[in-house]
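Q: Compact mmCIF, C-alpha atoms, file entry.txt:
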```txt
# COMPACT_ATOMS: atom_id res chain seq x y z
CA MET W 216 0.00 0.00 0.00
CA GLU W 217 1.45 3.36 -1.04
CA HIS W 218 1.67 6.11 1.56
CA ASN W 219 1.08 9.72 0.52
CA ARG W 220 0.39 12.93 2.41
CA VAL W 221 -2.63 13.51 0.14
CA LEU W 222 -4.57 10.33 -0.61
CA ARG W 223 -5.03 9.29 -4.22
CA LEU W 224 -8.83 9.49 -4.44
CA GLU W 225 -11.13 10.48 -7.28
CA HIS W 226 -13.42 12.77 -5.28
CA GLY W 227 -11.84 13.18 -1.87
CA ILE W 228 -11.96 16.68 -0.37
CA ASN W 229 -8.69 17.65 1.32
CA PHE W 230 -8.13 13.95 2.13
CA ARG W 231 -4.84 13.64 4.01
CA GLU W 232 -2.61 11.39 6.10
CA LEU W 233 -0.99 12.31 9.40
CA GLY W 234 1.38 9.38 9.14
CA GLY W 235 5.08 10.04 8.68
CA TYR W 236 5.33 13.12 10.87
CA GLU W 237 8.16 12.93 13.40
CA ASN W 238 7.87 14.01 17.03
CA THR W 239 10.49 15.62 19.26
CA ALA W 240 11.72 12.20 20.44
CA GLY W 241 12.46 11.08 16.89
CA GLN W 242 9.45 8.75 16.75
CA THR W 243 7.28 8.72 13.64
CA ILE W 244 3.48 8.61 13.47
CA LYS W 245 2.44 5.34 11.84
CA TRP W 246 0.84 5.42 8.41
CA GLN W 247 -2.72 4.14 7.98
CA LYS W 248 -3.73 5.21 11.49
CA LEU W 249 -4.81 8.86 11.31
CA LEU W 250 -6.70 10.42 8.39
CA ARG W 251 -8.34 13.83 8.01
CA CYS W 252 -10.54 15.30 5.31
CA GLY W 253 -13.50 17.44 4.32
CA GLY W 254 -16.93 16.22 3.23
CA MET W 255 -17.29 12.61 2.11
CA SER W 256 -20.59 12.70 0.24
CA LEU W 257 -18.94 12.78 -3.21
CA LEU W 258 -16.68 9.75 -2.79
CA THR W 259 -16.96 7.29 -5.65
CA ASN W 260 -17.32 3.52 -5.35
CA ARG W 261 -13.68 3.24 -6.36
CA ASP W 262 -12.78 5.65 -3.55
CA LEU W 263 -14.69 3.50 -1.07
CA THR W 264 -12.84 0.39 -2.21
CA TYR W 265 -9.54 2.24 -1.86
CA LEU W 266 -10.39 3.37 1.68
CA ASP W 267 -11.57 -0.10 2.67
CA ASN W 268 -8.28 -1.57 1.47
CA TYR W 269 -6.47 1.26 3.25
CA GLY W 270 -8.00 0.08 6.52
CA LEU W 271 -10.53 2.81 7.27
CA ARG W 272 -12.49 1.54 10.28
CA TYR W 273 -13.78 4.68 12.04
CA ASP W 274 -15.37 7.75 10.43
CA ILE W 275 -15.70 10.54 13.02
CA ASP W 276 -17.94 13.27 11.62
CA LEU W 277 -17.46 16.55 13.50
CA ARG W 278 -20.30 18.32 11.68
CA GLN W 279 -23.69 19.22 13.10
CA ALA W 280 -26.61 16.89 12.41
CA ASN W 281 -28.16 19.17 9.77
CA GLU W 282 -24.85 19.30 7.88
CA ALA W 283 -24.59 15.53 7.97
CA GLU W 284 -28.18 15.15 6.75
CA MET W 285 -27.68 17.55 3.84
CA SER W 286 -24.43 15.88 2.71
CA PRO W 287 -24.31 12.39 4.20
CA ASP W 288 -20.98 10.59 4.35
CA ARG W 289 -20.16 7.73 2.04
CA TYR W 290 -17.88 5.22 3.72
CA PRO W 291 -16.91 1.53 3.35
CA LYS W 292 -19.20 -1.09 4.85
CA ASN W 293 -16.49 -2.11 7.33
CA THR W 294 -16.30 1.43 8.70
CA LYS W 295 -18.07 2.55 11.87
CA TYR W 296 -19.70 5.98 11.51
CA ILE W 297 -19.71 8.32 14.53
CA ASN W 298 -21.36 11.75 14.38
CA THR W 299 -20.11 13.91 17.25
CA SER W 300 -20.53 17.60 16.51
CA VAL W 301 -18.17 20.22 17.91
CA TYR W 302 -20.98 22.78 17.68
CA PRO W 303 -23.00 24.28 19.26
CA PHE W 304 -20.95 25.59 22.15
CA THR W 305 -22.66 25.45 25.52
CA ASP W 306 -20.62 27.72 27.78
CA ASN W 307 -21.40 31.39 28.22
CA ARG W 308 -18.27 32.95 26.77
CA ARG W 309 -18.88 36.33 28.43
CA PHE W 310 -18.14 34.75 31.80
CA ASP W 311 -15.59 32.18 30.73
CA ARG W 312 -12.29 33.43 32.13
CA ARG W 313 -10.38 30.58 30.50
CA LEU W 314 -11.58 31.75 27.10
CA LYS W 315 -10.60 35.36 27.71
CA ARG W 316 -7.14 34.37 28.92
CA LEU W 317 -6.61 32.10 25.92
CA ILE W 318 -7.64 34.77 23.42
CA LYS W 319 -5.35 37.30 25.11
CA ARG W 320 -2.40 34.89 24.93
CA MET W 321 -2.89 33.53 21.43
CA VAL W 322 -4.39 36.21 19.20
CA VAL W 323 -3.98 39.90 18.51
CA ASP W 324 -7.68 40.71 18.25
CA ASP W 325 -11.05 39.67 19.60
CA SER W 326 -12.51 38.67 16.24
CA PHE W 327 -15.26 36.11 15.80
CA ASN W 328 -12.85 33.59 14.25
CA ALA W 329 -10.40 33.99 17.12
CA GLN W 330 -13.15 33.44 19.66
CA THR W 331 -14.45 30.41 17.79
CA TYR W 332 -11.04 28.75 17.71
CA ALA W 333 -10.49 29.48 21.39
CA GLN W 334 -13.91 28.09 22.26
CA MET W 335 -13.15 24.90 20.37
CA VAL W 336 -10.55 24.04 23.00
CA THR W 337 -12.22 25.52 26.09
CA ASP W 338 -15.98 24.97 25.75
CA SER W 339 -17.16 22.08 27.92
CA HIS W 340 -19.17 20.48 25.10
CA ALA W 341 -16.29 20.70 22.63
CA VAL W 342 -13.88 19.27 25.21
CA LYS W 343 -16.14 16.21 25.56
CA VAL W 344 -16.07 15.77 21.79
CA TRP W 345 -12.26 15.74 21.84
CA GLN W 346 -12.29 13.29 24.74
CA ASN W 347 -14.51 10.97 22.70
CA LEU W 348 -12.22 11.37 19.70
CA PHE W 349 -9.18 10.36 21.73
CA ALA W 350 -11.08 7.42 23.21
CA THR W 351 -11.75 6.17 19.68
CA LEU W 352 -8.08 6.60 18.79
CA LEU W 353 -7.13 4.43 21.76
CA THR W 354 -9.71 1.82 20.75
CA ASN W 355 -8.12 1.53 17.31
CA ASP W 356 -5.22 -0.68 18.42
CA GLN W 357 -4.92 -2.94 15.37
CA PRO W 358 -2.18 -2.41 12.75
CA ASP W 359 -3.06 -0.79 9.42
CA GLN W 360 -6.49 0.32 10.60
CA SER W 361 -7.35 3.99 10.34
CA VAL W 362 -9.43 6.53 12.23
CA LEU W 363 -10.72 9.35 10.03
CA PHE W 364 -11.98 12.66 11.41
CA HIS W 365 -13.54 15.38 9.30
CA CYS W 366 -15.87 18.35 8.98
CA ALA W 367 -17.19 20.09 5.86
CA ALA W 368 -13.96 21.46 4.36
CA GLY W 369 -11.44 19.67 6.55
CA LYS W 370 -10.13 23.00 7.77
CA ASP W 371 -11.33 24.52 11.06
CA ARG W 372 -12.86 21.77 13.20
CA THR W 373 -10.69 19.16 11.51
CA GLY W 374 -7.63 21.39 11.81
CA VAL W 375 -8.13 21.80 15.55
CA ALA W 376 -8.61 18.04 15.95
CA GLY W 377 -5.41 17.36 14.02
CA ALA W 378 -3.49 19.92 16.06
CA LEU W 379 -4.70 18.40 19.34
CA ILE W 380 -3.75 14.89 18.25
CA MET W 381 -0.29 15.87 17.04
CA THR W 382 0.29 17.96 20.16
CA ALA W 383 -0.54 14.91 22.28
CA LEU W 384 1.98 12.93 20.21
CA ASP W 385 4.61 15.62 20.89
CA VAL W 386 4.94 16.67 17.25
CA PRO W 387 6.79 20.01 16.97
CA ARG W 388 4.59 23.09 16.75
CA GLU W 389 6.16 24.09 13.43
CA THR W 390 5.14 20.76 11.88
CA ILE W 391 1.62 21.11 13.26
CA MET W 392 1.32 24.57 11.72
CA GLN W 393 2.62 23.34 8.37
CA ASP W 394 0.05 20.56 8.32
CA TYR W 395 -2.71 22.99 9.23
CA LEU W 396 -1.70 25.38 6.44
CA LEU W 397 -1.53 22.52 3.96
CA THR W 398 -5.32 22.84 3.67
CA ASN W 399 -4.95 26.22 1.95
CA ALA W 400 -2.41 24.77 -0.44
CA VAL W 401 -4.50 21.72 -1.33
CA PHE W 402 -7.50 23.84 -2.28
CA MET W 403 -5.45 26.40 -4.20
CA ALA W 404 -3.40 23.76 -6.01
CA ALA W 405 -6.56 22.05 -7.27
CA ASP W 406 -7.08 24.95 -9.69
CA SER W 407 -3.70 24.58 -11.38
CA MET W 408 -2.34 21.07 -10.77
CA ASP W 409 -3.43 17.53 -11.41
CA THR W 410 -3.80 15.08 -8.53
CA ALA W 411 -0.49 13.34 -9.17
CA THR W 412 1.44 16.63 -8.99
CA ILE W 413 -0.34 17.68 -5.80
CA ILE W 414 0.53 14.33 -4.19
CA THR W 415 4.18 14.56 -5.26
CA LYS W 416 4.61 18.10 -3.97
CA ALA W 417 2.76 17.36 -0.72
CA ASN W 418 4.98 14.33 -0.10
CA ALA W 419 8.06 16.50 -0.64
CA GLY W 420 6.75 19.18 1.72
CA ASP W 421 6.75 21.82 -1.02
CA LEU W 422 3.03 22.37 -1.47
CA ALA W 423 2.16 24.28 1.70
CA SER W 424 5.08 26.69 1.50
CA GLN W 425 4.50 27.43 -2.19
CA PHE W 426 0.81 28.27 -1.98
CA ASN W 427 0.71 29.90 1.45
CA VAL W 428 3.51 32.27 0.45
CA ALA W 429 1.62 33.02 -2.76
CA MET W 430 -1.52 33.75 -0.76
CA LEU W 431 0.32 36.13 1.58
CA LEU W 432 1.84 38.01 -1.37
CA LYS W 433 -1.45 38.29 -3.27
CA PRO W 434 -2.46 41.96 -3.49
CA THR W 435 -5.65 42.96 -1.73
CA ILE W 436 -8.47 44.59 -3.68
```
Output the file's structure as structure tokens, nothing else.
A:
Amino acid sequence: MEHNRVLRLEHGINFRELGGYENTAGQTIKWQKLLRCGGMSLLTNRDLTYLDNYGLRYDIDLRQANEAEMSPDRYPKNTKYINTSVYPFTDNRRFDRRLKRLIKRMVVDDSFNAQTYAQMVTDSHAVKVWQNLFATLLTNDQPDQSVLFHCAAGKDRTGVAGALIMTALDVPRETIMQDYLLTNAVFMAADSMDTATIITKANAGDLASQFNVAMLLKPTI
């Protein structure tokens, strides 16, 4: 089975592997254990066969129920589907001191996006979702069997999940940030590159730097 940073699927949205990343102790995350992506409603039958052979056994859908109903996941018959939505938040953020401290430490403004990201790691409901996610990861103790987690685009909710998992595995912060930013590159590259080129560049670590630099240099209108 080939191992690529971006999986070779026909209609996968931002479908990626976390295998191969190295932590601060020199240990490497195993391939075919941790997958992340966007929506799965457009996967073809060939994609499902590929994922079944790849060992996909858990599909953790971080979207809300209405999102899942509008665009239901397609997954192999051997895969267990788990819908556990990060939203809605349940804590009153006006009185959540943890949230205010986190925003003050991590961001330069009090924007809606900054608050949302901070709430994703402080809100009591969201924290339970992450606890359930980690419990599933621990349950998946067989070789070459994968846990997949995703939201709609595989960016925000999925990005936070990926960052939490890699942080727990002691992956360097720089690597975590590069993987998070790879989402921008995957979407931008789709307009100008074929799948094979995207996979090659992502494997080499060139994709994220190329397209995120281009995005930063793009003139504003």
Q: May I have the residues within 7 Å of W:His226 as number ranges by chain, using all atoms listed in the file and disregarding those fewer than 4 positions away in the same chain?
A: W: 257-259
Q: Residues at most 8 Å from stretch 383-389 of chain W, counting all atoms listed in the file, excluding those fewer than 2 positions away in the same chain, as a PyMOL selection string?
A: chain W and resi 236-240+379-381+391-393
Q: For the atom pair atom CA of W:Asn293 and atom CA of W:Arg272, what is the interatomic distance in Å to one decimal place?
A: 6.2 Å
Q: In Å to one decimal, how far is atom CA of W:Leu266 from atom CA of W:Val375?
A: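 If I compute the distance from atom CA of W:Val375 to atom CA of W:Leu266, I get 23.2 Å.
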Q: Smallest atom-to-atom distance to W:Leu352: which of W:Asp274, W:Ala283, W:Asn219, W:Gly241, using only C-alpha atoms?
A: W:Asp274
Q: Expressed in Å to a single decimal, how great is the separation between atom CA of W:Arg251 and atom CA of W:Asp306?
A: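 Interatomic distance here is 27.1 Å.
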Q: As a PyMOL selection string, please: the residues near W:Asn229 (cut-off 8 Å, only C-alpha atoms, same-chain neighbours under 3 positions excluded).
A: chain W and resi 221+251-253+368-369+398+401-402
Q: Write the residues of the selection above to a file with C-alpha atoms, as a short mmCIF file (atom, residue, chain, number, x, y, z; two decimals), in the coordinates of the input.
A:
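The result, written out as out-v2.cif:
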```
data_model
loop_
_atom_site.label_atom_id
_atom_site.label_comp_id
_atom_site.auth_asym_id
_atom_site.auth_seq_id
_atom_site.Cartn_x
_atom_site.Cartn_y
_atom_site.Cartn_z
CA VAL W 221 -2.63 13.51 0.14
CA ARG W 251 -8.34 13.83 8.01
CA CYS W 252 -10.54 15.30 5.31
CA GLY W 253 -13.50 17.44 4.32
CA ALA W 368 -13.96 21.46 4.36
CA GLY W 369 -11.44 19.67 6.55
CA THR W 398 -5.32 22.84 3.67
CA VAL W 401 -4.50 21.72 -1.33
CA PHE W 402 -7.50 23.84 -2.28
#
```
Q: Given the choices W:Asp409, W:Glu284, W:Asp394, W:Asp276, which gets closest to W:Phe364 if the distance is worked out from only C-alpha atoms?
A: W:Asp276
Q: Can you pull out every residue within 12 Å of W:Met285, counting all atoms listed in the file, but drop anything in the same chain fewer than 2 positions away, and send it as a PyMOL selection string?
A: chain W and resi 254-256+278-283+287-288+367
Q: Go ahead and save the picked residues with C-alpha atoms, as a PDB file, in the coordinates of the input.
A:
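Below you can see again-v7.pdb, which holds the result:
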```pdb
ATOM      1  CA  GLY W 254     -16.930  16.220   3.230  1.00  0.00           C
ATOM      2  CA  MET W 255     -17.290  12.610   2.110  1.00  0.00           C
ATOM      3  CA  SER W 256     -20.590  12.700   0.240  1.00  0.00           C
ATOM      4  CA  ARG W 278     -20.300  18.320  11.680  1.00  0.00           C
ATOM      5  CA  GLN W 279     -23.690  19.220  13.100  1.00  0.00           C
ATOM      6  CA  ALA W 280     -26.610  16.890  12.410  1.00  0.00           C
ATOM      7  CA  ASN W 281     -28.160  19.170   9.770  1.00  0.00           C
ATOM      8  CA  GLU W 282     -24.850  19.300   7.880  1.00  0.00           C
ATOM      9  CA  ALA W 283     -24.590  15.530   7.970  1.00  0.00           C
ATOM     10  CA  PRO W 287     -24.310  12.390   4.200  1.00  0.00           C
ATOM     11  CA  ASP W 288     -20.980  10.590   4.350  1.00  0.00           C
ATOM     12  CA  ALA W 367     -17.190  20.090   5.860  1.00  0.00           C
TER      13      ALA W 367
END
```
Q: Go through W:Val342, W:Leu277, W:Leu233, W:Leu224 one by one, measure the shortest atom-to-atom distance of each to W:Leu263 using all atoms listed in the file, and give the residue with the smallest value.
A: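 Looking only at the distances to W:Leu263, the closest residue turns out to be W:Leu224.
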Q: Edge lengths and centre, in Å to one decimal, as lines of an AutoDock Vina configuration file: that's what I need for the box along x, y and z that holds all listed atoms of stretch 338-345 of chain W plus 3 Å on each side.
A:
```
center_x = -15.7
center_y = 20.4
center_z = 24.9
size_x = 12.9
size_y = 15.2
size_z = 12.1
```
Q: From the list W:Lys343, W:Arg261, W:Lys245, W:His365, which residue is nearest W:Tyr273 when using only C-alpha atoms?
A: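 Closest to W:Tyr273 of all the choices is W:His365.
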Q: Compare W:Asn260, W:Thr331, W:Gln242, W:Thr415 by their minimum atom-to-atom distance to W:Arg372, counting all atoms listed in the file, and give me the closest one.
A: W:Thr331
